[in-house]
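Engineer: Below you'll find the structure I mean.
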Amino acid sequence: MKVFVTGASGHIGQLVTAELVGAGHEVVGLARSDAGAERVAKQGGIPVVGTMDETARLAELAAESDGVVNLAFKHDSGDFAEALAADRALIEAIAGALEGSGKPFFAASGTMMVANAGAPGTASGAAATEDTPFDPAHAHPRAVTDHLLRELSKRGIRSAALRFAPTVHGPADLHGFIPSLIEGARRDGTFGYIGEGENRWPAVHNLDTAHLIRLALEKDDLPAGVALHFAADEGIPFRQIAEAIGRGVGVPVGPVAPEEGATRYGFVGSFIGIDNPTSSAQTRELLKWEPTHNGLLEDLADGFYFRR
């Protein structure tokens, strides 16, 4: 296949590019800079320098491809509402180019679309499945995009929402949730969890993520409009994650009030009390996917997050 990948120079995008090229596919990868283009080329992809705001140009590249994986997002824009608007505009533009083609079009979403309600720091329900309903009007703001993407199945597009666990971990993870939390622990000289820290986070190794995306692209009969759950660890109590970070940084760990999370740890701190156990059973069965790499606690124990 010829696959167009946006965000191809990023954390997950680089690994997806390498996985697809290694399996014999051709990857055209969008990067925002010349340095990013070099990273795409290093993985064997054909780099294109540009931004996700160039929707007409990117729609043309999508139309010329056999499938699209949209991993771009303005994480560093400083304006989340503007980043969401740009994300939706790009999805709509690519959908217009692929309408009626039956081609696969996958885009990043998150398992926190289906997080449990309940008091912060508590385990408040069963693990969400790929079919767990949610109201996009009252869920996380990106839930609207998740819903939009799945609705593209009605327009003759083999769409899928790639619901990533909040921690997509591994040695290539330089700017995700875990590095951000480690930075906060180093800065404050302490680290915390909400309440008893019983709320659960799913996690997945980034190499298992790249492999799953390839399996989905290669499955000609993948149902349109599905949600795919990228979760190897179904739900690790956040207190265990906090204690592993405390050991790695060498700082004390203890409970903090919910309002302290965002103050201490910024954007990521807003999520540390959320209960988000996530089942990937349907995804595993559908795509015969078996994660083979380390779990999150194993990667934290390995120490690479703390040595750099």
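Ligands are numbered from 1 in the order shown, residues from 1 within each chain, and chains are lettered A, B, ... in the order they appear in the structure tokens.
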Using the chain letters and numbers from this document, which residues of range 68-233 of chain A does DSSP assign to strand (DSSP E), as a PyMOL selection string?
Structural biologist: chain A and resi 68-70+104-110+158-164+167-169+191-194+200-205+226-230+233
Engineer: I'd like the neighbourhood of range 13-18 of chain A as a PyMOL selection string, where a residue qualifies if any of its atoms comes within 12 Å (using only C-alpha atoms), though same-chain residues fewer than 3 positions away should be ignored.
Structural biologist: chain A and resi 2-10+21-31+36-47+68-73+107-108+168+170-173+205-217
Engineer: Using DSSP secondary structure from the backbone, list all helix (DSSP H, G or I) positions within range 18-224 of chain A, as a PyMOL selection string.
Structural biologist: chain A and resi 18-22+34-42+55-63+80-98+111-114+143-155+177-188+206-218
Engineer: Identify which of the residues A:His11, A:Arg239, A:Lys74, A:His229 lies closest to Ala127 in chain A, counting only C-alpha atoms when measuring atom-to-atom distances.
Structural biologist: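 Result for the nearest residue to Ala127 in chain A: A:His229.
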Engineer: Please report the interatomic distance between CA of Gly273 in chain A and CA of His293 in chain A in Å with one decimal.
Structural biologist: 26.3 Å
Engineer: Nearest residue to Gly189 in chain A out of A:Arg32, A:His75, A:Arg155, A:Arg247, using only C-alpha atoms?
Structural biologist: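 Closest to Gly189 in chain A of all the choices is A:Arg247.
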Engineer: Which distance in Å separates CA of Ile272 in chain A and CA of Pro133 in chain A, to one decimal?
Structural biologist: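 Calculated distance between CA of Ile272 in chain A and CA of Pro133 in chain A is 22.7 Å.
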Engineer: Could you give me, as a compact mmCIF listing (two decimals) with all heavy atoms, in the first residue's frame, the residues within 12 Å of Leu98 in chain A, counting only C-alpha atoms and dropping anything in the same chain fewer than 2 positions from it?
Structural biologist:
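Listing of result-v3.txt after writing:
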# COMPACT_ATOMS: atom_id res chain seq x y z
N LEU A 58 -3.07 18.63 1.75
CA LEU A 58 -3.04 17.33 2.41
C LEU A 58 -4.17 16.43 1.90
O LEU A 58 -4.01 15.21 1.83
CB LEU A 58 -3.13 17.50 3.92
CG LEU A 58 -2.04 18.38 4.56
CD1 LEU A 58 -2.08 18.26 6.07
CD2 LEU A 58 -0.66 18.01 4.05
N ALA A 59 -5.30 17.02 1.52
CA ALA A 59 -6.38 16.25 0.94
C ALA A 59 -5.94 15.63 -0.39
O ALA A 59 -6.30 14.49 -0.70
CB ALA A 59 -7.61 17.12 0.75
N GLU A 60 -5.16 16.36 -1.15
CA GLU A 60 -4.64 15.83 -2.42
C GLU A 60 -3.71 14.65 -2.17
O GLU A 60 -3.77 13.63 -2.87
CB GLU A 60 -3.90 16.92 -3.18
CG GLU A 60 -4.79 18.02 -3.74
CD GLU A 60 -4.00 19.08 -4.48
OE1 GLU A 60 -2.76 18.93 -4.58
OE2 GLU A 60 -4.60 20.07 -4.94
N LEU A 61 -2.85 14.78 -1.17
CA LEU A 61 -1.95 13.67 -0.84
C LEU A 61 -2.74 12.46 -0.37
O LEU A 61 -2.38 11.32 -0.67
CB LEU A 61 -0.96 14.12 0.23
CG LEU A 61 0.08 15.15 -0.21
CD1 LEU A 61 0.82 15.71 1.00
CD2 LEU A 61 1.07 14.52 -1.19
N ALA A 62 -3.81 12.70 0.37
CA ALA A 62 -4.66 11.60 0.83
C ALA A 62 -5.31 10.90 -0.35
O ALA A 62 -5.37 9.66 -0.40
CB ALA A 62 -5.73 12.13 1.79
N ALA A 63 -5.81 11.67 -1.30
CA ALA A 63 -6.48 11.09 -2.47
C ALA A 63 -5.53 10.23 -3.29
O ALA A 63 -5.96 9.26 -3.93
CB ALA A 63 -7.07 12.20 -3.32
N GLU A 64 -4.25 10.57 -3.28
CA GLU A 64 -3.25 9.83 -4.05
C GLU A 64 -2.78 8.57 -3.34
O GLU A 64 -1.98 7.81 -3.89
CB GLU A 64 -2.05 10.73 -4.33
CG GLU A 64 -2.38 11.93 -5.23
CD GLU A 64 -1.27 12.97 -5.25
OE1 GLU A 64 -0.26 12.75 -4.52
OE2 GLU A 64 -1.41 13.98 -5.95
N SER A 65 -3.25 8.35 -2.12
CA SER A 65 -2.78 7.23 -1.30
C SER A 65 -3.84 6.13 -1.22
O SER A 65 -5.00 6.33 -1.55
CB SER A 65 -2.44 7.72 0.11
OG SER A 65 -1.46 8.75 0.06
N ASP A 66 -3.40 4.96 -0.74
CA ASP A 66 -4.31 3.84 -0.54
C ASP A 66 -4.92 3.84 0.86
O ASP A 66 -5.82 3.05 1.14
CB ASP A 66 -3.56 2.52 -0.76
CG ASP A 66 -2.99 2.41 -2.16
OD1 ASP A 66 -3.73 2.71 -3.12
OD2 ASP A 66 -1.81 2.04 -2.29
N GLY A 67 -4.41 4.68 1.71
CA GLY A 67 -4.92 4.78 3.07
C GLY A 67 -4.25 5.92 3.80
O GLY A 67 -3.16 6.38 3.40
N VAL A 68 -4.89 6.42 4.87
CA VAL A 68 -4.38 7.57 5.61
C VAL A 68 -4.40 7.28 7.11
O VAL A 68 -5.37 6.72 7.63
CB VAL A 68 -5.25 8.83 5.33
CG1 VAL A 68 -4.73 10.03 6.13
CG2 VAL A 68 -5.27 9.15 3.84
N ILE A 91 -9.54 16.54 9.31
CA ILE A 91 -10.32 15.30 9.14
C ILE A 91 -11.40 15.49 8.09
O ILE A 91 -11.63 14.63 7.22
CB ILE A 91 -10.91 14.85 10.49
CG1 ILE A 91 -9.79 14.31 11.38
CG2 ILE A 91 -11.98 13.77 10.28
CD1 ILE A 91 -10.22 13.97 12.78
N GLU A 92 -12.08 16.61 8.13
CA GLU A 92 -13.14 16.89 7.15
C GLU A 92 -12.56 16.99 5.73
O GLU A 92 -13.16 16.50 4.77
CB GLU A 92 -13.88 18.18 7.51
CG GLU A 92 -14.82 18.05 8.69
CD GLU A 92 -16.11 17.32 8.31
OE1 GLU A 92 -16.19 16.71 7.24
OE2 GLU A 92 -17.06 17.37 9.14
N ALA A 93 -11.39 17.63 5.60
CA ALA A 93 -10.78 17.78 4.28
C ALA A 93 -10.37 16.43 3.71
O ALA A 93 -10.61 16.13 2.53
CB ALA A 93 -9.57 18.71 4.37
N ILE A 94 -9.75 15.60 4.53
CA ILE A 94 -9.33 14.27 4.07
C ILE A 94 -10.56 13.41 3.76
O ILE A 94 -10.58 12.67 2.77
CB ILE A 94 -8.42 13.61 5.12
CG1 ILE A 94 -7.09 14.35 5.20
CG2 ILE A 94 -8.19 12.14 4.77
CD1 ILE A 94 -6.16 13.85 6.27
N ALA A 95 -11.59 13.53 4.59
CA ALA A 95 -12.83 12.78 4.33
C ALA A 95 -13.42 13.15 2.99
O ALA A 95 -13.91 12.29 2.24
CB ALA A 95 -13.83 13.03 5.45
N GLY A 96 -13.38 14.44 2.65
CA GLY A 96 -13.89 14.87 1.35
C GLY A 96 -13.13 14.25 0.20
O GLY A 96 -13.71 13.92 -0.84
N GLY A 100 -16.52 7.79 -0.52
CA GLY A 100 -16.95 6.80 -1.50
C GLY A 100 -15.86 5.86 -1.98
O GLY A 100 -16.14 4.97 -2.78
N SER A 101 -14.63 6.03 -1.49
CA SER A 101 -13.51 5.22 -1.98
C SER A 101 -13.37 3.88 -1.28
O SER A 101 -12.74 2.96 -1.80
CB SER A 101 -12.20 6.00 -1.80
OG SER A 101 -11.88 6.14 -0.42
N GLY A 102 -13.92 3.76 -0.06
CA GLY A 102 -13.73 2.55 0.72
C GLY A 102 -12.33 2.42 1.29
O GLY A 102 -11.98 1.38 1.86
N LYS A 103 -11.52 3.48 1.16
CA LYS A 103 -10.15 3.42 1.67
C LYS A 103 -10.13 3.58 3.19
O LYS A 103 -11.00 4.22 3.77
CB LYS A 103 -9.30 4.52 1.03
CG LYS A 103 -9.06 4.37 -0.45
CD LYS A 103 -8.24 5.54 -0.98
CE LYS A 103 -7.99 5.41 -2.48
NZ LYS A 103 -7.19 6.57 -3.00
N PRO A 104 -9.10 3.03 3.85
CA PRO A 104 -8.98 3.21 5.30
C PRO A 104 -8.53 4.62 5.64
O PRO A 104 -7.64 5.19 4.99
CB PRO A 104 -7.93 2.17 5.71
CG PRO A 104 -7.12 1.94 4.48
CD PRO A 104 -8.05 2.12 3.32
N PHE A 105 -9.14 5.18 6.67
CA PHE A 105 -8.76 6.48 7.20
C PHE A 105 -8.84 6.39 8.71
O PHE A 105 -9.92 6.29 9.28
CB PHE A 105 -9.69 7.57 6.66
CG PHE A 105 -9.43 8.96 7.24
CD1 PHE A 105 -8.18 9.32 7.71
CD2 PHE A 105 -10.45 9.89 7.29
CE1 PHE A 105 -7.95 10.59 8.24
CE2 PHE A 105 -10.24 11.16 7.80
CZ PHE A 105 -8.99 11.51 8.28
N PHE A 106 -7.67 6.38 9.35
CA PHE A 106 -7.59 6.26 10.79
C PHE A 106 -7.08 7.57 11.37
O PHE A 106 -6.24 8.24 10.77
CB PHE A 106 -6.62 5.14 11.21
CG PHE A 106 -6.90 3.81 10.56
CD1 PHE A 106 -5.88 2.88 10.42
CD2 PHE A 106 -8.16 3.46 10.09
CE1 PHE A 106 -6.10 1.64 9.85
CE2 PHE A 106 -8.41 2.23 9.52
CZ PHE A 106 -7.36 1.31 9.39
N LEU A 152 -17.82 8.77 9.67
CA LEU A 152 -17.38 8.77 8.28
C LEU A 152 -17.68 7.44 7.59
O LEU A 152 -17.63 7.35 6.36
CB LEU A 152 -15.88 9.08 8.19
CG LEU A 152 -15.44 10.46 8.66
CD1 LEU A 152 -13.94 10.63 8.45
CD2 LEU A 152 -16.20 11.57 7.93
N SER A 153 -17.98 6.42 8.37
CA SER A 153 -18.35 5.13 7.76
C SER A 153 -19.59 5.27 6.88
O SER A 153 -19.78 4.51 5.93
CB SER A 153 -18.63 4.10 8.86
OG SER A 153 -19.73 4.51 9.67
N ARG A 155 -20.09 7.59 4.86
CA ARG A 155 -19.70 8.28 3.63
C ARG A 155 -18.77 7.43 2.76
O ARG A 155 -18.05 7.94 1.91
CB ARG A 155 -19.03 9.62 3.97
CG ARG A 155 -19.96 10.57 4.69
CD ARG A 155 -19.26 11.77 5.29
NE ARG A 155 -18.55 12.57 4.30
CZ ARG A 155 -17.84 13.67 4.61
NH1 ARG A 155 -17.77 14.08 5.86
NH2 ARG A 155 -17.22 14.34 3.66
N GLY A 156 -18.82 6.12 2.97
CA GLY A 156 -18.02 5.23 2.12
C GLY A 156 -16.54 5.26 2.43
O GLY A 156 -15.71 5.08 1.53
N ILE A 157 -16.20 5.47 3.69
CA ILE A 157 -14.80 5.49 4.12
C ILE A 157 -14.63 4.44 5.22
O ILE A 157 -15.46 4.33 6.12
CB ILE A 157 -14.42 6.88 4.66
CG1 ILE A 157 -14.61 7.95 3.58
CG2 ILE A 157 -12.97 6.89 5.16
CD1 ILE A 157 -14.48 9.37 4.09
N ARG A 158 -13.55 3.67 5.15
CA ARG A 158 -13.28 2.65 6.17
C ARG A 158 -12.55 3.32 7.34
O ARG A 158 -11.34 3.18 7.52
CB ARG A 158 -12.46 1.52 5.56
CG ARG A 158 -12.26 0.32 6.45
CD ARG A 158 -12.17 -0.98 5.64
NE ARG A 158 -11.33 -0.86 4.46
CZ ARG A 158 -10.03 -1.18 4.41
NH1 ARG A 158 -9.41 -1.61 5.49
NH2 ARG A 158 -9.35 -1.08 3.29
N SER A 159 -13.31 4.07 8.11
CA SER A 159 -12.72 4.90 9.16
C SER A 159 -12.57 4.11 10.46
O SER A 159 -13.29 3.14 10.71
CB SER A 159 -13.59 6.13 9.41
OG SER A 159 -14.89 5.75 9.82
Engineer: In Å, how far is it from CA of Leu174 in chain A to CA of Gly248 in chain A?
Structural biologist: 15.9 Å
Engineer: Using only C-alpha atoms, which of the listed residues (A:Thr145, A:Thr122, A:Asn276, A:Thr167) sits closest to Pro258 in chain A?
Structural biologist: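 Going through A:Thr145, A:Thr122, A:Asn276, A:Thr167 one by one, the smallest distance to Pro258 in chain A is for A:Thr122.
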Engineer: Between A:Asp233, A:Glu198, A:Gly192, A:His169, which has the minimum distance to Ala281 in chain A (counting only C-alpha atoms)?
Structural biologist: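 Comparing A:Asp233, A:Glu198, A:Gly192, A:His169 against Ala281 in chain A, the winner is A:Asp233.
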